[in-house]
Each structure stands twice: as structure tokens, then as C-alpha cells.
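Peer 1: Supplied structure: coords-v5.txt, compact mmCIF, C-alpha atoms.
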```txt
# COMPACT_ATOMS: atom_id res chain seq x y z
CA MET A 29 24.19 -12.52 -4.86
CA ARG A 30 20.77 -14.17 -4.59
CA VAL A 31 17.64 -13.43 -6.61
CA THR A 32 15.92 -12.20 -3.43
CA GLU A 33 18.62 -9.54 -3.08
CA VAL A 34 18.12 -8.28 -6.63
CA PHE A 35 14.37 -8.46 -7.22
CA THR A 36 12.34 -7.54 -4.15
CA PRO A 37 8.56 -7.41 -4.68
CA GLY A 38 6.95 -6.10 -1.51
CA THR A 39 10.15 -4.90 0.15
CA VAL A 40 12.55 -1.99 -0.31
CA PRO A 41 14.87 -2.66 -3.28
CA ASP A 42 18.57 -1.90 -3.20
CA SER A 43 20.24 -3.12 -6.38
CA THR A 44 17.23 -2.34 -8.59
CA TYR A 45 16.00 0.84 -6.88
CA ASN A 46 15.19 3.55 -9.42
CA LYS A 47 15.31 7.11 -8.07
CA ARG A 48 13.23 8.36 -11.03
CA GLN A 49 15.68 11.25 -11.19
CA GLU A 50 13.65 13.31 -13.64
CA MET A 51 10.69 13.36 -11.25
CA GLU A 52 12.89 14.80 -8.44
CA LEU A 53 10.75 12.93 -5.90
CA GLU A 54 13.54 12.47 -3.37
CA SER A 55 14.64 16.10 -3.50
CA LYS A 56 11.03 17.31 -3.19
CA LEU A 57 10.48 15.25 -0.04
CA LEU A 58 13.84 16.26 1.45
CA LYS A 59 13.05 19.92 0.77
CA VAL A 60 9.72 19.78 2.63
CA LEU A 61 11.34 18.04 5.62
CA GLU A 62 14.32 20.41 5.72
CA ILE A 63 12.29 23.63 5.50
CA GLY A 64 9.67 22.34 7.94
CA GLY A 65 6.31 23.80 8.92
CA LYS A 66 4.36 21.64 6.45
CA ILE A 67 3.01 18.11 6.20
CA ALA A 68 4.55 16.22 3.27
CA VAL A 69 1.64 14.45 1.55
CA ILE A 70 2.68 11.69 -0.87
CA THR A 71 -0.05 10.44 -3.21
CA GLY A 72 -0.05 7.68 -5.79
CA GLN A 73 -1.56 4.35 -6.82
CA SER A 74 -1.27 1.28 -4.63
CA LYS A 75 2.24 -0.27 -4.51
CA ILE A 76 3.70 2.33 -6.85
CA GLY A 77 6.63 3.10 -4.55
CA LYS A 78 5.33 5.69 -2.06
CA THR A 79 6.54 3.87 1.05
CA VAL A 80 9.78 2.85 -0.69
CA LEU A 81 10.46 6.53 -1.43
CA VAL A 82 9.95 7.49 2.21
CA ARG A 83 12.18 4.69 3.48
CA LYS A 84 14.93 5.55 1.02
CA VAL A 85 14.93 9.26 1.90
CA ILE A 86 14.54 9.01 5.69
CA ASN A 87 17.07 7.02 7.73
CA PRO A 88 15.62 4.05 9.64
CA GLU A 89 16.60 5.46 13.04
CA LYS A 90 14.69 8.66 12.26
CA ARG A 91 11.45 7.05 11.05
CA VAL A 92 8.44 6.58 13.31
CA GLU A 93 5.98 4.68 11.10
CA ILE A 94 2.31 4.23 11.97
CA GLN A 95 -0.08 2.23 9.83
CA ALA A 96 -3.66 3.52 9.70
CA LYS A 97 -4.96 0.18 10.99
CA ASP A 98 -2.66 0.46 14.03
CA ILE A 99 -3.92 3.85 15.17
CA GLU A 100 -5.85 3.42 18.40
CA GLU A 101 -8.31 5.79 20.03
CA ARG A 102 -5.45 7.87 21.39
CA LEU A 103 -2.81 9.14 19.01
CA ASP A 104 -0.30 9.58 21.83
CA VAL A 105 -0.45 5.89 22.74
CA SER A 106 0.06 4.88 19.08
CA ILE A 107 3.13 7.12 18.81
CA ALA A 108 4.48 5.92 22.15
CA LYS A 109 4.19 2.29 21.04
CA ALA A 110 5.96 3.07 17.77
CA LEU A 111 8.73 4.71 19.82
CA LYS A 112 8.71 1.74 22.22
CA TYR A 113 8.00 4.07 25.12
CA PRO A 114 5.96 2.89 28.11
CA THR A 115 2.28 3.73 28.30
CA ASP A 116 0.26 4.02 31.50
CA SER A 117 -0.36 0.27 31.72
CA LYS A 118 3.36 -0.41 31.40
CA ILE A 119 4.26 2.03 34.18
CA ILE A 120 2.42 -0.04 36.74
CA GLU A 121 4.30 -3.12 35.60
CA THR A 122 7.67 -1.39 36.09
CA LEU A 123 7.07 -0.41 39.72
CA GLU A 124 9.29 -2.67 41.79
CA LYS A 125 8.84 -3.10 45.51
CA GLU A 126 11.83 -1.93 47.62
CA ASP A 127 10.17 -2.46 50.95
CA GLN A 128 6.70 -2.45 52.40
CA ASN A 129 6.19 1.30 52.08
CA LYS A 130 8.30 2.50 49.13
CA LEU A 131 8.42 1.95 45.39
CA ARG A 132 11.02 2.93 42.82
CA ILE A 133 10.55 3.51 39.08
CA THR A 134 12.96 1.28 37.17
CA GLY A 135 11.37 0.94 33.74
CA GLU A 136 13.93 1.13 30.96
CA MET A 137 13.17 2.97 27.73
CA SER A 138 14.86 2.91 24.35
CA GLY A 139 18.22 4.63 24.42
CA GLY A 140 18.81 3.53 28.03
CA PHE A 141 16.69 6.29 29.60
CA THR A 142 14.76 5.38 32.70
CA PHE A 143 11.16 6.47 32.84
CA PHE A 144 12.05 8.76 35.74
CA GLU A 145 14.74 10.54 33.70
CA PHE A 146 12.30 10.95 30.84
CA MET A 147 9.40 12.33 32.85
CA LYS A 148 10.86 13.99 35.95
CA THR A 149 10.77 17.51 34.52
CA LYS A 150 7.13 17.11 33.56
CA LEU A 151 5.83 15.39 36.66
CA GLY A 152 8.11 16.87 39.27
CA ILE A 153 8.50 13.58 41.11
CA SER A 154 11.47 11.99 42.83
CA PRO A 155 12.81 8.51 42.04
CA GLU A 156 11.14 7.26 45.21
CA PHE A 157 7.69 8.01 46.53
CA GLN A 158 5.43 6.66 49.21
CA LYS A 159 3.20 3.77 48.17
CA THR A 160 -0.36 5.00 48.47
CA ASP A 161 -3.32 4.39 46.21
CA LYS A 162 -3.72 8.12 45.81
CA LYS A 163 -0.16 8.67 44.63
CA ASP A 164 -0.28 5.68 42.28
CA SER A 165 -3.44 6.88 40.55
CA SER A 166 -2.13 10.44 40.43
CA LEU A 167 1.05 9.30 38.74
CA VAL A 168 -0.82 7.35 36.07
CA LYS A 169 -3.26 10.19 35.47
CA THR A 170 -0.49 12.77 35.17
CA PHE A 171 1.41 10.54 32.78
CA GLU A 172 -1.66 10.14 30.56
CA GLU A 173 -2.16 13.89 30.43
CA ASN A 174 1.47 14.56 29.48
CA LEU A 175 2.20 11.60 27.20
CA PHE A 176 1.36 13.37 23.93
CA GLU A 177 3.46 16.44 24.72
CA SER A 178 6.32 14.29 25.99
CA VAL A 179 6.60 12.09 22.89
CA ILE A 180 6.22 15.12 20.60
CA GLN A 181 9.02 16.96 22.40
CA HIS A 182 11.20 13.89 22.16
CA MET A 183 10.56 13.56 18.41
CA ILE A 184 11.33 17.22 17.75
CA LYS A 185 14.51 17.09 19.86
CA GLU A 186 15.73 13.88 18.19
CA ASP A 187 14.70 15.07 14.69
CA ARG A 188 12.43 12.06 14.22
CA VAL A 189 9.84 11.95 11.38
CA LEU A 190 6.26 10.84 12.04
CA ILE A 191 4.96 8.81 9.06
CA PHE A 192 1.29 7.88 8.53
CA ASP A 193 0.75 5.18 5.91
CA ASP A 194 -2.68 4.65 4.28
CA PHE A 195 -4.08 7.74 6.02
CA HIS A 196 -7.16 7.55 3.78
CA TYR A 197 -8.37 4.47 5.66
CA LEU A 198 -9.09 6.58 8.74
CA ASN A 199 -12.57 8.03 9.02
CA ARG A 200 -13.11 11.79 8.88
CA ASP A 201 -13.34 12.19 12.65
CA GLN A 202 -10.05 10.35 13.16
CA GLN A 203 -8.35 12.41 10.46
CA ARG A 204 -9.67 15.64 11.94
CA ASP A 205 -8.53 14.72 15.44
CA ILE A 206 -5.01 13.78 14.30
CA ILE A 207 -4.46 16.86 12.13
CA HIS A 208 -5.83 19.11 14.88
CA LYS A 209 -3.39 17.64 17.41
CA LEU A 210 -0.43 17.86 15.03
CA LYS A 211 -1.07 21.41 13.86
CA ASP A 212 0.79 23.10 16.71
CA PRO A 213 3.69 20.57 16.91
CA ILE A 214 4.31 21.04 13.17
CA SER A 215 4.72 24.78 13.75
CA ARG A 216 7.27 23.92 16.46
CA GLY A 217 9.37 21.73 14.19
CA LEU A 218 7.72 18.30 14.13
CA LYS A 219 8.25 16.57 10.77
CA VAL A 220 5.25 14.66 9.40
CA VAL A 221 4.75 12.58 6.25
CA VAL A 222 1.32 11.32 5.18
CA ILE A 223 0.86 8.65 2.47
CA LEU A 224 -2.43 8.62 0.53
CA ILE A 225 -4.08 7.23 -2.57
CA PRO A 226 -4.61 9.65 -5.51
CA ASN A 227 -7.20 12.41 -5.17
CA ARG A 228 -7.29 12.14 -1.37
CA GLY A 229 -4.70 14.82 -0.64
CA GLU A 230 -7.59 17.16 0.18
CA ASP A 231 -8.29 14.98 3.24
CA ILE A 232 -5.56 16.84 5.09
CA VAL A 233 -6.87 20.27 4.13
CA THR A 234 -10.52 19.55 4.87
CA ALA A 235 -9.73 17.80 8.15
CA GLU A 236 -8.66 21.03 9.83
CA LYS A 237 -8.92 24.75 9.09
CA ASP A 238 -5.84 26.69 7.97
CA MET A 239 -4.08 23.55 6.67
CA ASP A 240 -4.16 24.65 3.04
CA GLY A 241 -0.83 26.48 3.37
CA ARG A 242 0.64 23.85 5.70
CA THR A 243 0.66 20.91 3.30
CA LYS A 244 2.88 20.07 0.35
CA ILE A 245 1.50 17.41 -1.99
CA ILE A 246 4.06 15.26 -3.81
CA GLU A 247 2.36 13.32 -6.58
CA MET A 248 3.87 9.99 -7.62
CA PRO A 249 2.67 9.22 -11.16
CA ALA A 250 2.57 5.83 -12.85
CA TRP A 251 5.96 4.62 -14.07
CA THR A 252 7.09 5.19 -17.63
CA GLU A 253 8.37 2.36 -19.84
CA SER A 254 11.98 3.50 -19.49
CA GLU A 255 11.66 3.68 -15.69
CA LEU A 256 10.25 0.14 -15.56
CA ARG A 257 12.90 -1.12 -17.97
CA TYR A 258 15.58 -0.02 -15.50
CA ILE A 259 14.60 -2.86 -13.12
CA PRO A 260 15.28 -5.87 -15.42
CA GLU A 261 18.10 -4.16 -17.31
CA THR A 262 19.90 -3.52 -14.01
CA GLY A 263 18.93 -6.71 -12.18
CA PHE A 264 19.49 -9.50 -14.70
CA PRO A 265 23.18 -8.68 -15.38
CA LEU A 266 23.82 -8.87 -11.63
CA LEU A 267 22.70 -12.52 -11.83
CA ASN A 268 24.64 -13.19 -15.05
CA ILE A 269 21.42 -13.48 -17.05
CA LYS A 270 21.30 -11.96 -20.54
CA CYS A 271 17.74 -11.40 -21.80
CA HIS A 272 16.73 -10.63 -25.34
CA LYS A 273 15.29 -7.11 -25.64
CA ASN A 274 11.89 -8.49 -26.69
CA ILE A 275 11.60 -10.37 -23.41
CA ILE A 276 12.06 -7.18 -21.42
CA ASP A 277 9.60 -5.42 -23.75
CA HIS A 278 7.03 -8.09 -22.88
CA PHE A 279 7.68 -7.63 -19.15
CA VAL A 280 7.29 -3.86 -19.46
CA GLU A 281 4.01 -4.20 -21.33
CA ASN A 282 2.59 -6.55 -18.70
CA SER A 283 3.75 -4.73 -15.59
CA PHE A 284 0.97 -2.17 -16.08
CA LYS A 285 3.18 0.82 -15.20
CA ASN A 286 3.82 -0.63 -11.74
CA PRO A 287 7.31 -1.32 -10.26
CA HIS A 288 6.05 -3.89 -7.75
CA LEU A 289 4.61 -5.99 -10.59
CA MET A 290 7.85 -5.68 -12.55
CA GLN A 291 9.85 -6.86 -9.53
CA ASP A 292 7.42 -9.77 -9.11
CA ILE A 293 7.63 -10.79 -12.78
CA CYS A 294 11.44 -10.68 -12.80
CA ALA A 295 11.71 -12.70 -9.57
CA ASN A 296 9.31 -15.39 -10.85
CA PHE A 297 11.12 -15.46 -14.20
CA CYS A 298 14.37 -16.30 -12.41
CA TYR A 299 12.68 -19.13 -10.51
CA GLN A 300 11.19 -20.42 -13.77
CA LEU A 301 14.73 -20.56 -15.16
CA GLY A 302 15.90 -22.37 -12.03
CA VAL A 303 18.15 -19.46 -11.07
CA LEU A 304 18.31 -18.76 -7.34
CA LYS A 305 21.60 -16.88 -7.23
CA LYS A 306 24.23 -15.36 -9.52
CA LEU A 307 25.32 -17.84 -12.17
CA ASP A 308 28.99 -18.72 -12.61
CA GLU A 309 28.69 -18.15 -16.35
CA GLU A 310 26.46 -15.86 -18.38
CA LYS A 311 23.19 -17.45 -19.52
CA SER A 312 21.47 -16.06 -22.64
CA ILE A 313 17.67 -16.31 -22.87
CA ASN A 314 15.90 -15.93 -26.20
CA TYR A 315 12.31 -14.79 -26.65
CA GLU A 316 11.10 -18.16 -27.95
CA ASP A 317 12.48 -19.89 -24.85
CA VAL A 318 10.05 -18.12 -22.51
CA ASN A 319 6.62 -19.47 -21.61
CA PHE A 320 5.02 -16.11 -20.85
CA ALA A 321 1.53 -17.48 -20.21
CA ARG A 322 2.81 -19.89 -17.56
CA LEU A 323 5.03 -17.23 -16.00
CA TYR A 324 2.24 -14.67 -15.75
CA ARG A 325 -0.25 -17.19 -14.42
CA GLU A 326 2.19 -17.92 -11.59
CA VAL A 327 2.45 -14.22 -10.82
CA SER A 328 -1.32 -13.65 -11.04
CA ASP A 329 -1.96 -16.60 -8.71
CA GLU A 330 -0.88 -14.31 -5.89
CA ASN A 331 -3.78 -11.95 -6.70
CA ARG A 332 -6.44 -14.47 -7.70
CA SER A 333 -8.59 -14.66 -4.55
CA LEU A 334 -10.62 -11.49 -5.17
CA LEU A 335 -10.85 -12.20 -8.90
CA GLU A 336 -12.28 -15.65 -8.20
CA ARG A 337 -14.91 -14.16 -5.89
CA ILE A 338 -15.86 -11.60 -8.54
CA GLU A 339 -16.09 -14.25 -11.25
CA ARG A 340 -18.08 -16.56 -8.99
CA GLY A 341 -20.47 -13.72 -8.22
CA LYS A 342 -23.13 -13.48 -5.57
CA ALA A 343 -25.19 -16.60 -4.98
CA THR A 344 -28.84 -16.43 -6.06
CA LYS A 345 -31.33 -18.59 -4.19
CA GLY A 346 -33.61 -20.87 -6.16
CA THR A 347 -32.38 -20.00 -9.64
CA ARG A 348 -29.63 -21.39 -11.80
CA ARG A 349 -27.59 -18.98 -13.86
CA LYS A 350 -28.14 -19.14 -17.59
CA GLU A 351 -25.16 -20.52 -19.47
CA HIS A 352 -24.44 -19.17 -22.94
CA ILE A 353 -23.10 -21.29 -25.80
CA LEU A 354 -19.83 -19.97 -27.16
CA LYS A 355 -19.19 -19.55 -30.88
CA ASN A 356 -17.57 -22.56 -32.58
CA GLN A 357 -17.07 -24.31 -29.26
CA GLU A 358 -18.85 -26.63 -26.90
CA LEU A 359 -18.04 -24.51 -23.84
CA ARG A 360 -20.78 -22.69 -21.96
CA PHE A 361 -20.12 -19.56 -19.88
CA ASP A 362 -22.45 -17.72 -17.54
CA ILE A 363 -22.58 -13.95 -17.66
CA TYR A 364 -19.96 -13.48 -14.91
CA GLN A 365 -17.47 -15.61 -16.83
CA LEU A 366 -18.21 -13.75 -20.05
CA ILE A 367 -17.59 -10.38 -18.39
CA VAL A 368 -14.29 -11.56 -16.84
CA LYS A 369 -13.17 -12.81 -20.27
CA ALA A 370 -14.01 -9.46 -21.88
CA LEU A 371 -12.32 -7.50 -19.08
CA GLY A 372 -9.19 -9.54 -19.76
CA GLU A 373 -9.14 -8.24 -23.32
CA TYR A 374 -9.49 -4.65 -22.11
CA ALA A 375 -7.05 -5.01 -19.20
CA HIS A 376 -4.71 -2.30 -20.50
CA LYS A 377 -7.53 0.24 -20.56
CA ASP A 378 -8.32 2.21 -17.42
CA ILE A 379 -11.72 3.23 -18.86
CA ILE A 380 -13.93 0.97 -21.01
CA GLU A 381 -16.95 2.22 -22.94
CA MET A 382 -19.98 0.07 -22.14
CA ARG A 383 -21.28 -0.09 -25.72
CA GLU A 384 -17.96 -1.41 -27.02
CA PHE A 385 -17.71 -3.81 -24.11
CA VAL A 386 -21.12 -5.40 -24.76
CA THR A 387 -20.27 -5.76 -28.46
CA THR A 388 -17.14 -7.69 -27.48
CA ILE A 389 -19.13 -10.04 -25.25
CA LYS A 390 -21.66 -10.69 -28.03
CA SER A 391 -18.81 -11.61 -30.38
CA TYR A 392 -18.02 -14.61 -28.16
CA LEU A 393 -21.51 -16.10 -28.49
CA ALA A 394 -23.09 -18.47 -30.96
CA GLU A 395 -25.53 -16.79 -33.33
CA GLU A 396 -28.63 -18.09 -31.57
CA GLU A 397 -27.41 -16.72 -28.24
CA GLY A 398 -28.29 -13.23 -27.13
CA ILE A 399 -27.42 -10.98 -24.23
CA ARG A 400 -28.88 -7.66 -23.11
CA THR A 401 -26.93 -4.58 -22.09
CA SER A 402 -29.09 -4.34 -18.97
CA ASP A 403 -27.99 -7.86 -17.93
CA VAL A 404 -24.33 -6.90 -18.32
CA ALA A 405 -24.87 -3.65 -16.37
CA GLY A 406 -26.68 -5.44 -13.54
CA THR A 407 -23.95 -8.06 -13.26
CA LEU A 408 -21.24 -5.39 -13.31
CA ASN A 409 -22.96 -3.64 -10.40
CA ARG A 410 -22.90 -6.89 -8.42
CA MET A 411 -19.21 -7.35 -9.24
CA VAL A 412 -18.48 -3.82 -8.03
CA ALA A 413 -20.30 -4.58 -4.77
CA ILE A 414 -17.99 -7.58 -4.22
CA ALA A 415 -14.94 -5.41 -5.01
CA LYS A 416 -16.09 -2.79 -2.49
CA GLU A 417 -16.50 -5.44 0.18
CA ASP A 418 -12.79 -6.07 -0.24
CA ASN A 419 -11.80 -2.39 -0.41
CA GLU A 420 -14.46 0.30 -0.34
CA LEU A 421 -12.05 3.18 -0.97
CA GLU A 422 -10.12 1.54 -3.82
CA PRO A 423 -12.37 -1.03 -5.54
CA VAL A 424 -10.49 -2.87 -8.27
CA ILE A 425 -13.41 -2.32 -10.65
CA ASP A 426 -16.17 0.29 -10.79
CA TYR A 427 -19.10 0.94 -13.10
CA HIS A 428 -20.27 4.50 -13.70
CA GLN A 429 -23.83 4.04 -14.85
CA GLU A 430 -24.41 7.73 -15.58
CA ASP A 431 -21.84 7.81 -18.41
CA GLU A 432 -21.84 4.04 -19.08
CA ARG A 433 -18.16 3.48 -18.39
CA ILE A 434 -16.26 0.69 -16.65
CA VAL A 435 -13.21 1.78 -14.67
CA MET A 436 -10.22 -0.36 -13.72
CA ASN A 437 -7.29 1.38 -12.05
CA ASN A 438 -5.62 -1.37 -10.04
CA PRO A 439 -2.63 -2.80 -11.94
CA PHE A 440 -2.63 -6.06 -9.96
CA PHE A 441 -6.27 -6.75 -10.79
CA GLN A 442 -5.73 -5.77 -14.41
CA PHE A 443 -2.74 -8.10 -14.64
CA ALA A 444 -4.58 -10.99 -12.98
CA ILE A 445 -7.71 -10.61 -15.09
CA ARG A 446 -5.72 -10.45 -18.31
CA TRP A 447 -3.87 -13.68 -17.67
CA ARG A 448 -6.72 -15.63 -16.08
CA ARG A 449 -8.50 -16.17 -19.38
CA GLN A 450 -6.41 -15.37 -22.42
CA SER A 451 -8.52 -17.52 -24.72
CA ILE A 452 -11.76 -19.45 -24.54
CA GLU A 453 -10.78 -23.08 -24.92
```
Kindly present the structure from the file in C-alpha cells form.
Peer 2:
Amino acid sequence: MRVTEVFTPGTVPDSTYNKRQEMELESKLLKVLEIGGKIAVITGQSKIGKTVLVRKVINPEKRVEIQAKDIEERLDVSIAKALKYPTDSKIIETLEKEDQNKLRITGEMSGGFTFFEFMKTKLGISPEFQKTDKKDSSLVKTFEENLFESVIQHMIKEDRVLIFDDFHYLNRDQQRDIIHKLKDPISRGLKVVVILIPNRGEDIVTAEKDMDGRTKIIEMPAWTESELRYIPETGFPLLNIKCHKNIIDHFVENSFKNPHLMQDICANFCYQLGVLKKLDEEKSINYEDVNFARLYREVSDENRSLLERIERGKATKGTRRKEHILKNQELRFDIYQLIVKALGEYAHKDIIEMREFVTTIKSYLAEEEGIRTSDVAGTLNRMVAIAKEDNELEPVIDYHQEDERIVMNNPFFQFAIRWRRQSIE
């Protein structure tokens, strides 16, 4: 057994999959799909296991997954592509010439169905038809008009499940159009799952009237310590690695309630040990043998790009940033670097009070140095703007000026910012 089979950051785990039995997440999703008539809406933080849950509950051959970024102008075309069914442009390509005057439809679809077998009841055409421009255009037009109904009927008949990931990235008009089109098919037995970030479950309800009673929201909360502990405690023995309890405690503390981070830490830990597959003999690892700072820096390197842009800040023409002298050291930091350092100390807090935050920054500085709260607030606003350029809906950092609070709710950013600057050297 290889490390990549045990610890799987970014993919669906097998050996270290935790059902979170007490949460009854699997049974809740199965219940919604079995009863039918409702959209199952799964909400939770980024990379907390929403997609993993869906893929564990629904068999691969039944899933029809559509990413928000892949949805085109027409929903029917997006579904058809996910099903690997031909669209109007593909029909033309599958018309093969039999002789000068006749054409025959020979396009193969998944499952071995010809396009003719799939569409003949809808279009009322024969396998052969006269080659005329009028008939060709009529065929394409008719297909376009019936594509949505045809793929929906196929999904209902085959008990397939339509899954929308990152639905919140669609604009309101797109959301409204999709929910409006799916409203009737859901009442006829179509199964639909929508995956969203927290507090966006109302998108489904507000997108279309009468959807309040046709949605079931399944909330996926942050992981508990015992749930996170399951990953290393299950995975390391499979590789013949015996870790001291304090090591696993450290991993739990620094995974920020996120299973993806825990998987990432455990995988990188194995590589740091030089373990790529199950050892022939058990290897015991003591707490003092682990270089946590080096390990976590390697993990945070994967998330450093945005952090570096935030720390670098927005360029200002014609002026050089003031550098502040640090207490008892020769180092000088500009205000962006000071804020990143302070954020690292508060990484485990989702909400940081501004007054306390500024006091922490001042504690870094030599006595003759000073810094104003307004300077910190202005710089924070510029940092937030950079974060929103990367992800407007889920910025890794936000500053609420009205109640003077800094908000961080992205575990990957919190992890990276904590281990980027652990001490001012």
C-alpha cells in the first residue's frame, strides 16, 4: 500500500474516509434522494468534504456532475456534454453519405444507442431521409428544441443524479434560469444535488418562487478534533508508522478543522520521513524527531501565491513604503509585513478585534516607532481588495470597518499565514 492510497488530499479518500457517523450526513442525503421532489443543497466551507460526501453516497455511474464554470448559455447542452450525448453540432458530423441523394444517421451514443434510436419517438423521423437543406436545418432545429426534455427523460428513466458544484459562482440570472427549468423535472422524479458555500443556501429559494418547500439544506460543519484525529490514527498504522500521540495532537491543532489540510499534512509527513509505501517493519516516531516548522512550510508552500500578493500589496507610484524598525532587532518591516506577521499570531481566530490587533503590531516595534490605527485599517482594506480579486465570493480575509473586526474563515489561508512568519528573525 502506497502513501498516495492512504492519504489523499484533493481526491476522494478510501482508507481514511470518515463518515462522521454522528452527523448522519450520508443518511440525510440518501433520504432526500430516495423520497424525491426536493433539491438536496449541501453547504459548507471550502474543501471540507462536500463533494467527497456526494461521491461516496452516489455511485459513479449514476452521477452527472457539472461544475459552475462549465455551465454554458444553454443548460441542456451542458447536461448533454456531461452525459456524452451529441449536441446539434455533433449531429451534422455524424451524417454519413450513402449516395448522392440520401443520408443515414449513424452517430453512436453512450450505452450503444444510435442517435436515431434515442430521438426517433421525439422527432418522428426514419433512419433515412432525403438530403435537402430544408430537411437538414429542420432536423437540427427540432433537435435543439427537444434536447432538454430528451436528456431529462433519460436521466429520470436511468435514475441518474444531476450534481451542480460551486453553484454560488453563477450569477443570479443563471441561477434563476436553471432552477426555473429544473422545477418541473424535479416534480417528475429528477434527482438534483447542489453544492454551495455557507449562507448561500437561500440562493435556491430566491432564484425561483415556490422553491422554499422544494429544497432540503444539509449543513456540513467544521470537523471536530476527534473526527480529524481519525485520519492519522487510521492511516499511519496502514503504513506501519507509529506516531506519538503528541504528534497527532499537533497535526489536529494545525489542520484548522479541515480534513483536506489533515490529509495534506499526513501525506507530506510521510514524504519527510522518506516513506512512500507500507514499511516492512513498524517505525516509531517521537515528538522530538519531527521538524514541524519545516513540514508545515512545505504544506503552506502550496497556498503561498495569494499570500505573497497580499503581503506584497498594491504598488504605489512615486512613493516608497515606510519601513519600521523592529524591537531589539535590526530588521525593518513595512506595514504589510507587520500585518501579515500579526495575522499569523491570530491565525486560529476567525474574528479578530481591531484594537487588540493594533496593540499586537505596536508590540513588535522599537519604542521610537509609531503606527496609527488608520494606517492599519487602510492597509487592511487594500489587502481585502487583493483577496477579492482572487475570489470575490469567498475572500480569504475581510475587514468590517463598521464594527472594527478582521475576519478570516479560510483554513488554508489561516494555515499558510501562520507558518509563513512564526517569528521575526
Peer 1: Nearest to A:Phe176: which of A:Thr252, A:Asn199, A:Thr262, A:Ser106 is it, counting all atoms listed in the file?
Peer 2: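 Of A:Thr252, A:Asn199, A:Thr262, A:Ser106, the one nearest A:Phe176 is A:Ser106, counting all atoms listed in the file.
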Peer 1: Might you pull out every residue within 12 Å of A:Glu247, with all atoms listed in the file counted and same-chain residues fewer than 6 positions away left off, and present them as a short mmCIF file (atom, residue, chain, number, x, y, z; two decimals) with C-alpha atoms, in the frame of the given file?
Peer 2:
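Wrote around32.cif, looks like this:
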```cif
data_model
loop_
_atom_site.label_atom_id
_atom_site.label_comp_id
_atom_site.auth_asym_id
_atom_site.auth_seq_id
_atom_site.Cartn_x
_atom_site.Cartn_y
_atom_site.Cartn_z
CA MET A 51 10.69 13.36 -11.25
CA GLU A 52 12.89 14.80 -8.44
CA LEU A 53 10.75 12.93 -5.90
CA GLU A 54 13.54 12.47 -3.37
CA LYS A 56 11.03 17.31 -3.19
CA LEU A 57 10.48 15.25 -0.04
CA ALA A 68 4.55 16.22 3.27
CA VAL A 69 1.64 14.45 1.55
CA ILE A 70 2.68 11.69 -0.87
CA THR A 71 -0.05 10.44 -3.21
CA GLY A 72 -0.05 7.68 -5.79
CA GLN A 73 -1.56 4.35 -6.82
CA ILE A 76 3.70 2.33 -6.85
CA GLY A 77 6.63 3.10 -4.55
CA LYS A 78 5.33 5.69 -2.06
CA LEU A 81 10.46 6.53 -1.43
CA VAL A 222 1.32 11.32 5.18
CA ILE A 223 0.86 8.65 2.47
CA LEU A 224 -2.43 8.62 0.53
CA ILE A 225 -4.08 7.23 -2.57
CA PRO A 226 -4.61 9.65 -5.51
CA ASN A 227 -7.20 12.41 -5.17
CA ARG A 228 -7.29 12.14 -1.37
CA GLY A 229 -4.70 14.82 -0.64
#
```
Peer 1: Counting all atoms listed in the file, what is within 10 Å of A:Lys219, bar same-chain residues fewer than 5 positions away, as JSON, numbers by chain?
Peer 2: {"A": [60, 61, 62, 63, 64, 65, 66, 67, 68, 183, 184, 187, 188, 189, 190, 191, 210, 213, 214]}
Peer 1: Interatomic distance between atom CA of A:Lys355 and atom CA of A:Leu393?
Peer 2: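 We find that atom CA of A:Lys355 and atom CA of A:Leu393 lie 4.8 Å from each other.
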Peer 1: Between A:Val386, A:Asn319, A:Arg446, A:Leu354, which is the closest to A:Leu371 once you count all atoms listed in the file?
Peer 2: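 Nearest to A:Leu371: A:Arg446.
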Peer 1: Within 12 Å of stretch 333-345 of chain A, counting only C-alpha atoms, which residues show up once you throw out same-chain ones fewer than 6 positions away? Write them as a PyMOL selection string, please.
Peer 2: chain A and resi 361-372+406-419+423-425+440-449
Peer 1: Rounded to one decimal in Å, what is the spacing between atom CA of A:Leu304 and atom CA of A:Glu261?
Peer 2: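 It comes out at 17.7 Å.
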Peer 1: Would you compute the distance between atom CA of A:Thr401 and atom CA of A:Tyr374? Give it in Å to one decimal.
Peer 2: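 Atom-to-atom, atom CA of A:Thr401 to atom CA of A:Tyr374, that is 17.4 Å.
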Peer 1: Can you pull out the residues contacting A:Glu316? Cut-off 10 Å, using only C-alpha atoms, and skip same-chain residues under 6 positions away; I want them as a PDB file with C-alpha atoms, keeping the file's coordinate frame.
Peer 2:
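This went into part36.pdb:
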```pdb
ATOM      1  CA  HIS A 272      16.730 -10.630 -25.340  1.00  0.00           C
ATOM      2  CA  ASN A 274      11.890  -8.490 -26.690  1.00  0.00           C
ATOM      3  CA  ILE A 275      11.600 -10.370 -23.410  1.00  0.00           C
TER       4      ILE A 275
END
```
Peer 1: Kindly indicate which residue among A:Asn286, A:Ser74, A:Thr243, A:Ser254 lies nearest to A:Asp193, using all atoms listed in the file for the distances.
Peer 2: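 Under the stated criterion, the closest residue is A:Ser74.
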